[in-house]
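Below: model15.cif (mmCIF, C-alpha atoms)
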```cif
data_start
loop_
_atom_site.group_PDB
_atom_site.id
_atom_site.type_symbol
_atom_site.label_atom_id
_atom_site.label_comp_id
_atom_site.auth_asym_id
_atom_site.auth_seq_id
_atom_site.Cartn_x
_atom_site.Cartn_y
_atom_site.Cartn_z
ATOM 1 C CA MET A 275 39.740 8.956 16.450
ATOM 2 C CA ARG A 276 43.462 8.465 16.851
ATOM 3 C CA ARG A 277 45.071 7.614 13.555
ATOM 4 C CA LEU A 278 46.330 4.103 13.078
ATOM 5 C CA ASP A 279 50.116 3.928 13.177
ATOM 6 C CA ASP A 280 52.496 1.591 11.390
ATOM 7 C CA ILE A 281 52.438 -0.996 14.172
ATOM 8 C CA ASP A 282 48.620 -1.109 14.158
ATOM 9 C CA LEU A 283 48.622 -1.516 10.403
ATOM 10 C CA ALA A 284 51.276 -4.237 10.483
ATOM 11 C CA ILE A 285 49.275 -6.186 13.089
ATOM 12 C CA ILE A 286 46.062 -5.787 11.076
ATOM 13 C CA LYS A 287 47.796 -6.900 7.898
ATOM 14 C CA ARG A 288 49.166 -10.019 9.546
ATOM 15 C CA LEU A 289 45.781 -10.911 11.027
ATOM 16 C CA THR A 290 43.890 -10.422 7.763
ATOM 17 C CA GLN A 291 46.189 -13.055 6.274
ATOM 18 C CA SER A 292 45.550 -15.376 9.168
ATOM 19 C CA ALA A 293 43.505 -14.389 12.195
ATOM 20 C CA ARG A 294 44.972 -17.260 14.192
ATOM 21 C CA THR A 295 48.559 -16.018 14.021
ATOM 22 C CA SER A 296 49.886 -16.051 17.574
ATOM 23 C CA PHE A 297 50.605 -12.690 19.158
ATOM 24 C CA ARG A 298 54.046 -14.004 20.085
ATOM 25 C CA LYS A 299 54.830 -14.654 16.434
ATOM 26 C CA ILE A 300 53.564 -11.241 15.353
ATOM 27 C CA ALA A 301 55.683 -9.663 18.099
ATOM 28 C CA GLN A 302 58.765 -11.491 16.803
ATOM 29 C CA GLU A 303 58.102 -10.475 13.221
ATOM 30 C CA LEU A 304 57.689 -6.826 14.174
ATOM 31 C CA SER A 305 60.451 -6.855 16.819
ATOM 32 C CA ILE A 306 58.127 -5.639 19.543
ATOM 33 C CA SER A 307 56.973 -7.216 22.793
ATOM 34 C CA PRO A 308 54.031 -9.657 22.860
ATOM 35 C CA ASP A 309 52.355 -7.388 25.430
ATOM 36 C CA THR A 310 52.393 -4.545 22.923
ATOM 37 C CA VAL A 311 50.643 -6.751 20.366
ATOM 38 C CA ILE A 312 48.052 -7.858 22.927
ATOM 39 C CA ASN A 313 47.367 -4.266 23.990
ATOM 40 C CA ARG A 314 47.181 -3.009 20.431
ATOM 41 C CA TYR A 315 44.766 -5.782 19.457
ATOM 42 C CA ALA A 316 42.540 -5.008 22.446
ATOM 43 C CA GLY A 317 42.687 -1.305 21.559
ATOM 44 C CA LEU A 318 41.776 -1.943 17.920
ATOM 45 C CA GLN A 319 38.782 -3.991 19.028
ATOM 46 C CA GLU A 320 37.720 -1.354 21.521
ATOM 47 C CA LYS A 321 37.844 1.357 18.874
ATOM 48 C CA GLY A 322 35.832 -0.808 16.522
ATOM 49 C CA VAL A 323 38.596 -0.959 13.917
ATOM 50 C CA ILE A 324 38.579 -4.734 14.213
ATOM 51 C CA ARG A 325 34.996 -5.917 14.514
ATOM 52 C CA GLY A 326 35.753 -9.557 14.968
ATOM 53 C CA SER A 327 37.443 -12.444 13.266
ATOM 54 C CA THR A 328 36.116 -15.349 11.301
ATOM 55 C CA ILE A 329 36.926 -18.422 9.295
ATOM 56 C CA ILE A 330 36.690 -18.032 5.532
ATOM 57 C CA ILE A 331 34.770 -20.978 4.239
ATOM 58 C CA ASN A 332 34.151 -22.005 0.675
ATOM 59 C CA PRO A 333 30.362 -22.366 0.407
ATOM 60 C CA LYS A 334 30.650 -24.637 -2.644
ATOM 61 C CA LYS A 335 32.506 -27.234 -0.614
ATOM 62 C CA LEU A 336 29.652 -27.205 1.858
ATOM 63 C CA GLY A 337 27.052 -27.941 -0.782
ATOM 64 C CA TYR A 338 25.914 -24.397 -1.507
ATOM 65 C CA GLN A 339 25.218 -23.842 -5.187
ATOM 66 C CA ALA A 340 24.315 -20.181 -5.310
ATOM 67 C CA MET A 341 24.344 -16.835 -3.619
ATOM 68 C CA ALA A 342 21.685 -14.225 -4.059
ATOM 69 C CA VAL A 343 21.065 -10.591 -3.290
ATOM 70 C CA PHE A 344 17.583 -9.599 -2.210
ATOM 71 C CA LEU A 345 16.686 -5.962 -2.863
ATOM 72 C CA ILE A 346 13.774 -5.064 -0.689
ATOM 73 C CA ASP A 347 11.301 -2.195 -0.818
ATOM 74 C CA THR A 348 9.368 -1.569 2.349
ATOM 75 C CA ALA A 349 5.849 -0.274 2.628
ATOM 76 C CA PRO A 350 5.463 3.147 4.247
ATOM 77 C CA PRO A 351 4.996 2.344 7.962
ATOM 78 C CA HIS A 352 1.779 4.348 8.321
ATOM 79 C CA ILE A 353 0.076 2.107 5.774
ATOM 80 C CA VAL A 354 0.907 -1.318 7.124
ATOM 81 C CA ALA A 355 1.937 -0.781 10.714
ATOM 82 C CA THR A 356 -0.487 -1.723 13.428
ATOM 83 C CA GLU A 357 0.157 -1.908 17.097
ATOM 84 C CA SER A 358 0.760 -5.630 16.927
ATOM 85 C CA THR A 359 2.864 -5.605 13.739
ATOM 86 C CA PRO A 360 4.966 -2.477 13.446
ATOM 87 C CA ALA A 361 6.741 -2.315 10.101
ATOM 88 C CA ASP A 362 9.710 -0.119 10.774
ATOM 89 C CA SER A 363 12.646 -0.949 8.499
ATOM 90 C CA SER A 364 14.863 -1.537 11.550
ATOM 91 C CA LEU A 365 12.509 -4.297 12.621
ATOM 92 C CA ILE A 366 12.550 -5.836 9.160
ATOM 93 C CA LEU A 367 16.344 -5.673 9.213
ATOM 94 C CA ASP A 368 16.374 -7.369 12.572
ATOM 95 C CA LYS A 369 14.181 -10.189 11.260
ATOM 96 C CA LEU A 370 16.292 -10.547 8.118
ATOM 97 C CA ILE A 371 19.579 -11.062 9.874
ATOM 98 C CA LYS A 372 18.043 -13.674 12.116
ATOM 99 C CA MET A 373 17.014 -15.739 9.107
ATOM 100 C CA ARG A 374 19.039 -18.799 8.377
ATOM 101 C CA ASN A 375 21.295 -18.439 5.354
ATOM 102 C CA ILE A 376 21.191 -14.646 5.291
ATOM 103 C CA ILE A 377 24.780 -13.633 5.850
ATOM 104 C CA VAL A 378 24.638 -9.883 5.204
ATOM 105 C CA ALA A 379 21.836 -7.414 5.758
ATOM 106 C CA THR A 380 21.808 -3.632 5.676
ATOM 107 C CA LYS A 381 19.571 -0.637 5.138
ATOM 108 C CA THR A 382 20.264 1.104 1.869
ATOM 109 C CA VAL A 383 19.766 4.506 0.317
ATOM 110 C CA GLY A 384 19.174 4.607 -3.390
ATOM 111 C CA ASP A 385 17.284 2.114 -5.449
ATOM 112 C CA HIS A 386 15.787 0.121 -2.565
ATOM 113 C CA ASP A 387 15.309 0.280 1.202
ATOM 114 C CA LEU A 388 17.019 -2.871 2.408
ATOM 115 C CA LEU A 389 19.481 -5.350 1.026
ATOM 116 C CA ALA A 390 20.258 -8.884 2.113
ATOM 117 C CA ILE A 391 22.717 -11.428 0.766
ATOM 118 C CA GLY A 392 22.040 -15.113 1.266
ATOM 119 C CA VAL A 393 23.428 -18.506 0.376
ATOM 120 C CA ALA A 394 21.259 -21.213 -1.133
ATOM 121 C CA LEU A 395 21.689 -24.947 -1.515
ATOM 122 C CA ASP A 396 19.693 -25.103 -4.753
ATOM 123 C CA PHE A 397 16.948 -23.374 -6.675
ATOM 124 C CA GLU A 398 14.213 -24.689 -4.457
ATOM 125 C CA HIS A 399 16.008 -23.443 -1.386
ATOM 126 C CA LEU A 400 16.494 -20.036 -2.999
ATOM 127 C CA THR A 401 12.774 -19.822 -3.693
ATOM 128 C CA GLN A 402 12.063 -20.747 -0.111
ATOM 129 C CA ILE A 403 14.354 -18.017 1.235
ATOM 130 C CA ARG A 404 12.624 -15.526 -1.044
ATOM 131 C CA ASN A 405 9.211 -16.618 0.195
ATOM 132 C CA ASP A 406 10.329 -16.284 3.796
ATOM 133 C CA ILE A 407 11.506 -12.709 3.183
ATOM 134 C CA VAL A 408 8.239 -11.769 1.466
ATOM 135 C CA LYS A 409 6.354 -12.956 4.548
ATOM 136 C CA ILE A 410 8.044 -10.402 6.818
ATOM 137 C CA PRO A 411 5.452 -7.708 7.620
ATOM 138 C CA GLY A 412 6.264 -4.454 5.871
ATOM 139 C CA VAL A 413 8.082 -6.005 2.906
ATOM 140 C CA GLN A 414 6.302 -4.588 -0.117
ATOM 141 C CA ASP A 415 8.448 -5.588 -3.031
ATOM 142 C CA LEU A 416 11.436 -7.815 -3.570
ATOM 143 C CA GLN A 417 13.871 -8.181 -6.421
ATOM 144 C CA VAL A 418 16.394 -10.970 -6.629
ATOM 145 C CA SER A 419 19.640 -11.433 -8.486
ATOM 146 C CA PHE A 420 21.568 -14.623 -7.982
ATOM 147 C CA TRP A 421 24.883 -16.045 -9.049
ATOM 148 C CA ALA A 422 26.809 -19.265 -8.937
ATOM 149 C CA GLU A 423 30.250 -17.856 -8.399
ATOM 150 C CA MET A 424 30.931 -17.806 -4.690
ATOM 151 C CA MET A 425 32.531 -14.861 -3.088
ATOM 152 C CA GLU A 426 34.904 -15.703 -0.351
ATOM 153 C CA LEU A 427 32.835 -15.354 2.709
ATOM 154 C CA CYS A 428 34.274 -12.512 4.606
ATOM 155 C CA PRO A 429 36.490 -10.520 2.407
ATOM 156 C CA LYS A 430 38.210 -8.258 4.815
ATOM 157 C CA TYR A 431 35.709 -5.416 4.885
ATOM 158 C CA PHE A 432 32.627 -7.321 5.709
ATOM 159 C CA ILE A 433 30.844 -8.624 5.426
ATOM 160 C CA VAL A 434 30.135 -11.412 3.977
ATOM 161 C CA MET B 137 39.817 -35.882 -1.864
ATOM 162 C CA PRO B 138 37.347 -35.288 0.941
ATOM 163 C CA SER B 139 33.916 -34.202 -0.199
ATOM 164 C CA GLN B 140 31.156 -32.499 1.730
ATOM 165 C CA SER B 141 29.840 -35.815 2.973
ATOM 166 C CA ASP B 142 33.058 -36.190 4.959
ATOM 167 C CA ILE B 143 32.089 -33.395 7.265
ATOM 168 C CA ASP B 144 30.826 -34.532 10.605
ATOM 169 C CA GLU B 145 29.655 -33.038 13.850
ATOM 170 C CA ILE B 146 33.169 -32.214 15.066
ATOM 171 C CA ASP B 147 33.974 -30.318 11.860
ATOM 172 C CA VAL B 148 30.749 -28.373 12.165
ATOM 173 C CA LYS B 149 31.619 -27.473 15.769
ATOM 174 C CA ILE B 150 35.024 -26.206 14.630
ATOM 175 C CA ILE B 151 33.475 -24.121 11.844
ATOM 176 C CA ARG B 152 30.847 -22.730 14.195
ATOM 177 C CA ALA B 153 33.377 -21.738 16.840
ATOM 178 C CA LEU B 154 35.755 -20.134 14.351
ATOM 179 C CA GLN B 155 32.965 -18.272 12.548
ATOM 180 C CA LYS B 156 32.224 -16.430 15.770
ATOM 181 C CA ASP B 157 35.842 -15.910 16.739
ATOM 182 C CA ALA B 158 38.655 -17.197 14.570
ATOM 183 C CA ARG B 159 41.076 -16.975 17.487
ATOM 184 C CA THR B 160 39.158 -19.450 19.628
ATOM 185 C CA ASN B 161 41.572 -21.812 21.358
ATOM 186 C CA PHE B 162 41.552 -25.307 19.929
ATOM 187 C CA ALA B 163 41.641 -26.451 23.565
ATOM 188 C CA ASP B 164 38.210 -24.882 24.134
ATOM 189 C CA ILE B 165 36.766 -26.449 21.003
ATOM 190 C CA ALA B 166 38.262 -29.778 22.049
ATOM 191 C CA LYS B 167 36.615 -29.553 25.451
ATOM 192 C CA MET B 168 33.282 -28.653 23.868
ATOM 193 C CA SER B 169 33.485 -31.569 21.432
ATOM 194 C CA GLU B 170 34.957 -33.978 23.983
ATOM 195 C CA VAL B 171 37.905 -34.888 21.791
ATOM 196 C CA SER B 172 41.631 -34.155 22.006
ATOM 197 C CA ILE B 173 43.238 -30.872 20.945
ATOM 198 C CA ASP B 174 45.226 -32.889 18.476
ATOM 199 C CA THR B 175 42.028 -34.063 16.797
ATOM 200 C CA ILE B 176 40.810 -30.476 16.455
ATOM 201 C CA SER B 177 44.032 -29.228 14.899
ATOM 202 C CA LYS B 178 44.123 -32.245 12.560
ATOM 203 C CA ARG B 179 40.525 -31.608 11.496
ATOM 204 C CA PHE B 180 41.232 -27.936 10.910
ATOM 205 C CA ARG B 181 44.274 -28.769 8.776
ATOM 206 C CA ARG B 182 42.244 -31.319 6.828
ATOM 207 C CA MET B 183 39.496 -28.780 6.105
ATOM 208 C CA ARG B 184 42.090 -26.299 4.885
ATOM 209 C CA LYS B 185 43.697 -28.893 2.645
ATOM 210 C CA ALA B 186 40.319 -29.863 1.214
ATOM 211 C CA GLY B 187 39.545 -26.201 0.501
ATOM 212 C CA ILE B 188 36.526 -26.217 2.803
ATOM 213 C CA ALA B 189 38.222 -23.530 4.872
ATOM 214 C CA ARG B 190 40.354 -21.055 2.986
ATOM 215 C CA GLY B 191 41.808 -19.531 6.115
ATOM 216 C CA THR B 192 40.865 -17.049 8.782
ATOM 217 C CA THR B 193 40.717 -13.285 8.770
ATOM 218 C CA VAL B 194 39.761 -10.277 10.863
ATOM 219 C CA LEU B 195 36.683 -8.237 10.041
ATOM 220 C CA LEU B 196 37.555 -4.597 9.658
ATOM 221 C CA ASN B 197 35.458 -1.492 9.841
ATOM 222 C CA PRO B 198 36.017 0.349 6.533
ATOM 223 C CA LYS B 199 35.317 3.698 8.242
ATOM 224 C CA SER B 200 38.429 3.299 10.383
ATOM 225 C CA PHE B 201 40.476 3.329 7.188
ATOM 226 C CA GLY B 202 38.854 6.378 5.683
ATOM 227 C CA TYR B 203 36.307 4.487 3.607
ATOM 228 C CA ASP B 204 33.001 6.058 4.523
ATOM 229 C CA CYS B 205 30.832 4.552 1.844
ATOM 230 C CA VAL B 206 29.920 0.947 1.070
ATOM 231 C CA ALA B 207 27.656 0.554 -1.934
ATOM 232 C CA SER B 208 26.384 -2.103 -4.264
ATOM 233 C CA PHE B 209 25.629 -1.887 -7.946
ATOM 234 C CA GLY B 210 23.072 -3.739 -9.999
ATOM 235 C CA ILE B 211 24.045 -3.511 -13.641
ATOM 236 C CA ARG B 212 22.313 -4.452 -16.863
ATOM 237 C CA VAL B 213 24.405 -4.872 -19.991
ATOM 238 C CA ASN B 214 24.030 -5.780 -23.626
ATOM 239 C CA TYR B 215 24.427 -9.472 -24.200
ATOM 240 C CA PRO B 216 26.772 -11.108 -25.010
ATOM 241 C CA HIS B 217 29.199 -8.703 -23.378
ATOM 242 C CA VAL B 218 28.618 -9.611 -19.730
ATOM 243 C CA GLU B 219 32.054 -11.129 -19.166
ATOM 244 C CA GLU B 220 33.799 -8.191 -20.773
ATOM 245 C CA VAL B 221 31.973 -5.746 -18.500
ATOM 246 C CA VAL B 222 32.671 -7.882 -15.391
ATOM 247 C CA ASP B 223 36.394 -7.760 -16.219
ATOM 248 C CA PHE B 224 36.157 -4.012 -16.723
ATOM 249 C CA ILE B 225 34.452 -3.431 -13.375
ATOM 250 C CA ARG B 226 36.855 -5.687 -11.474
ATOM 251 C CA LYS B 227 39.696 -3.387 -12.532
ATOM 252 C CA ILE B 228 38.171 -0.500 -10.563
ATOM 253 C CA PRO B 229 40.293 -0.467 -7.378
ATOM 254 C CA GLU B 230 37.417 0.136 -4.951
ATOM 255 C CA VAL B 231 35.393 -2.820 -6.212
ATOM 256 C CA VAL B 232 35.716 -5.654 -3.693
ATOM 257 C CA PHE B 233 33.291 -8.045 -5.353
ATOM 258 C CA CYS B 234 31.852 -8.387 -8.840
ATOM 259 C CA THR B 235 30.025 -11.291 -10.420
ATOM 260 C CA GLN B 236 27.746 -12.204 -13.294
ATOM 261 C CA ALA B 237 24.230 -12.656 -12.050
ATOM 262 C CA MET B 238 20.842 -13.832 -13.192
ATOM 263 C CA GLY B 239 17.489 -12.373 -12.305
ATOM 264 C CA ARG B 240 17.049 -8.663 -11.892
ATOM 265 C CA HIS B 241 20.573 -7.767 -12.978
ATOM 266 C CA ASN B 242 23.258 -9.160 -15.257
ATOM 267 C CA ILE B 243 26.034 -8.078 -12.926
ATOM 268 C CA PHE B 244 26.169 -7.448 -9.188
ATOM 269 C CA ALA B 245 29.111 -5.612 -7.595
ATOM 270 C CA ILE B 246 30.083 -4.238 -4.193
ATOM 271 C CA ALA B 247 32.485 -1.335 -3.692
ATOM 272 C CA VAL B 248 34.116 0.235 -0.638
ATOM 273 C CA LEU B 249 34.729 3.931 -1.288
ATOM 274 C CA LYS B 250 36.168 7.021 0.398
ATOM 275 C CA ASN B 251 32.953 9.001 0.105
ATOM 276 C CA VAL B 252 29.709 9.472 -1.797
ATOM 277 C CA GLY B 253 31.441 11.759 -4.271
ATOM 278 C CA ARG B 254 33.710 8.942 -5.299
ATOM 279 C CA LEU B 255 30.686 6.660 -5.559
ATOM 280 C CA GLY B 256 29.247 9.045 -8.124
ATOM 281 C CA GLN B 257 32.489 8.910 -10.103
ATOM 282 C CA VAL B 258 32.654 5.117 -10.022
ATOM 283 C CA LYS B 259 29.041 4.902 -11.143
ATOM 284 C CA GLU B 260 29.872 7.175 -14.088
ATOM 285 C CA VAL B 261 32.888 5.031 -14.968
ATOM 286 C CA ILE B 262 30.712 1.905 -15.070
ATOM 287 C CA LYS B 263 27.998 3.707 -17.007
ATOM 288 C CA GLY B 264 30.638 4.928 -19.431
ATOM 289 C CA HIS B 265 31.292 1.408 -20.692
ATOM 290 C CA PRO B 266 29.611 1.210 -24.093
ATOM 291 C CA MET B 267 27.950 -2.143 -23.358
ATOM 292 C CA VAL B 268 26.339 -1.032 -20.088
ATOM 293 C CA ARG B 269 22.632 -0.283 -20.353
ATOM 294 C CA ASP B 270 21.918 0.873 -16.835
ATOM 295 C CA VAL B 271 23.437 1.019 -13.383
ATOM 296 C CA SER B 272 21.578 1.301 -10.122
ATOM 297 C CA ALA B 273 23.519 2.024 -6.960
ATOM 298 C CA SER B 274 22.465 1.484 -3.354
ATOM 299 C CA ILE B 275 24.450 2.956 -0.495
ATOM 300 C CA TRP B 276 24.638 0.711 2.560
ATOM 301 C CA VAL B 277 23.773 2.776 5.598
ATOM 302 C CA ASP B 278 23.949 2.413 9.356
ATOM 303 C CA GLU B 279 25.421 -0.724 10.664
ATOM 304 C CA ILE B 280 25.990 -3.462 8.176
ATOM 305 C CA LEU B 281 25.031 -6.675 9.883
ATOM 306 C CA LEU B 282 27.158 -9.670 9.240
ATOM 307 C CA CYS B 283 26.225 -13.071 10.362
ATOM 308 C CA PRO B 284 28.532 -15.653 8.873
ATOM 309 C CA GLU B 285 27.198 -18.066 11.480
ATOM 310 C CA ASN B 286 23.774 -18.041 9.830
ATOM 311 C CA PHE B 287 25.131 -20.619 7.455
ATOM 312 C CA GLU B 288 23.109 -23.714 7.823
ATOM 313 C CA LEU B 289 25.375 -26.714 8.190
ATOM 314 C CA ASN B 290 22.979 -29.357 9.424
ATOM 315 C CA HIS B 291 22.525 -30.900 5.993
ATOM 316 C CA LEU B 292 26.178 -31.870 6.025
ATOM 317 C CA MET B 293 26.221 -33.954 9.121
ATOM 318 C CA ARG B 294 26.730 -37.658 8.765
ATOM 319 C CA LYS B 295 24.054 -39.393 10.614
#
```
Represent the structure from my file as structure tokens, please.
Amino acid sequence: MRRLDDIDLAIIKRLTQSARTSFRKIAQELSISPDTVINRYAGLQEKGVIRGSTIIINPKKLGYQAMAVFLIDTAPPHIVATESTPADSSLILDKLIKMRNIIVATKTVGDHDLLAIGVALDFEHLTQIRNDIVKIPGVQDLQVSFWAEMMELCPKYFIV
Amino acid sequence: MPSQSDIDEIDVKIIRALQKDARTNFADIAKMSEVSIDTISKRFRRMRKAGIARGTTVLLNPKSFGYDCVASFGIRVNYPHVEEVVDFIRKIPEVVFCTQAMGRHNIFAIAVLKNVGRLGQVKEVIKGHPMVRDVSASIWVDEILLCPENFELNHLMRK
């Protein structure tokens, strides 16, 4: 992959501060043409350097009281998989990320097989999310840690 | 100060649109919501002022910046030293998130690292704190799926 140059980095920096900054304004700040900014942005997206853009919301202001991480162990596929309910971890992952209130999901290597991070309105809601995850075929074991301090949703590398 | 009950259908539409693409034109959101562009930009400003929205940002791929390893740590510590250990871990430059937690772990942290070797070093650093009892690390592999739009917002709507 071509290395990122100073202009790329300056554009990225500006957009991490505010993704809505107009390309014209960025061009002015960097003393380059707006077309250059547009082309660079398209290029960065094409190369997958920029995966998207999002609004950073404060979950607390929207009534969310807690976040939780769900550490999931999957059953070996040959034990639980049947033709009608395959239990491949990719399929579990796919189901996880389609669940409401799960904002991050990934396969992991190490202590567990899958990890998901969710937001919960209250304790009852948290319990409900946990129960929904347990119901996914192939989920063998689940450990939960939860916290009240909200991370900013979407720190620049994610994620969340 | 506006509270969550002040959020209505138009606000939710704005949040939804910007969660998918923060650069969405206010004109498009206005058309979708059948209100004026001015209303959309006023609503957006109001949500920022109220702290509902903290801003917008681009989502970056850590690999493009030479960070090949994203990992999370579940940490158990000796009470009552949780806060002290959280402060200690937050000082590690690669740690992007660290919080006290309840349940399986006392502390949960996420780090973005150059490689697995560095992950090993960071794990040792955390383990080296005298109040830490154990550290378990999980490396996030393949594509990390992010779905900020999975946030349920229906409970907020004024009926």
Taking into account only C-alpha atoms, which residue in the set A:Leu278, A:Ile376, A:Ile285, A:Phe420 is nearest to Gln302 of chain A?
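Looking only at the distances to Gln302 of chain A, the closest residue turns out to be A:Ile285.
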Name the residues that the PyMOL selection byres ((chain B) within 7 of (chain A)) pulls out of this structure, and write them as a count of residues only.
43
Nearest to Phe397 of chain A, chosen from A:Ile366, A:Ala340, A:Ala349, A:Leu283, with only C-alpha atoms counted in the distances
A:Ala340
Work out how far apart atom CA of Gly264 of chain B and atom CA of Tyr203 of chain B are and give it in Å to one decimal.
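Taking atom CA of Gly264 of chain B and atom CA of Tyr203 of chain B, their separation equals 23.7 Å.
Picture a line from atom CA of Ser177 of chain B to atom CA of Glu320 of chain A; it runs 29.3 Å.
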Could you give me, as number ranges by chain, the residues within 12 Å of Ser169 of chain B, counting only C-alpha atoms and dropping anything in the same chain fewer than 3 positions from it?
B: 144-150, 152-153, 162-166, 172-173, 175-176
Exactly which residues make up the result of the PyMOL selection byres ((chain A and resi 407-411) around 10) on this file, given as a PyMOL selection string?
chain A and resi 344+346+348-349+354-355+359-363+365-367+369-370+373+390+401-406+412-416
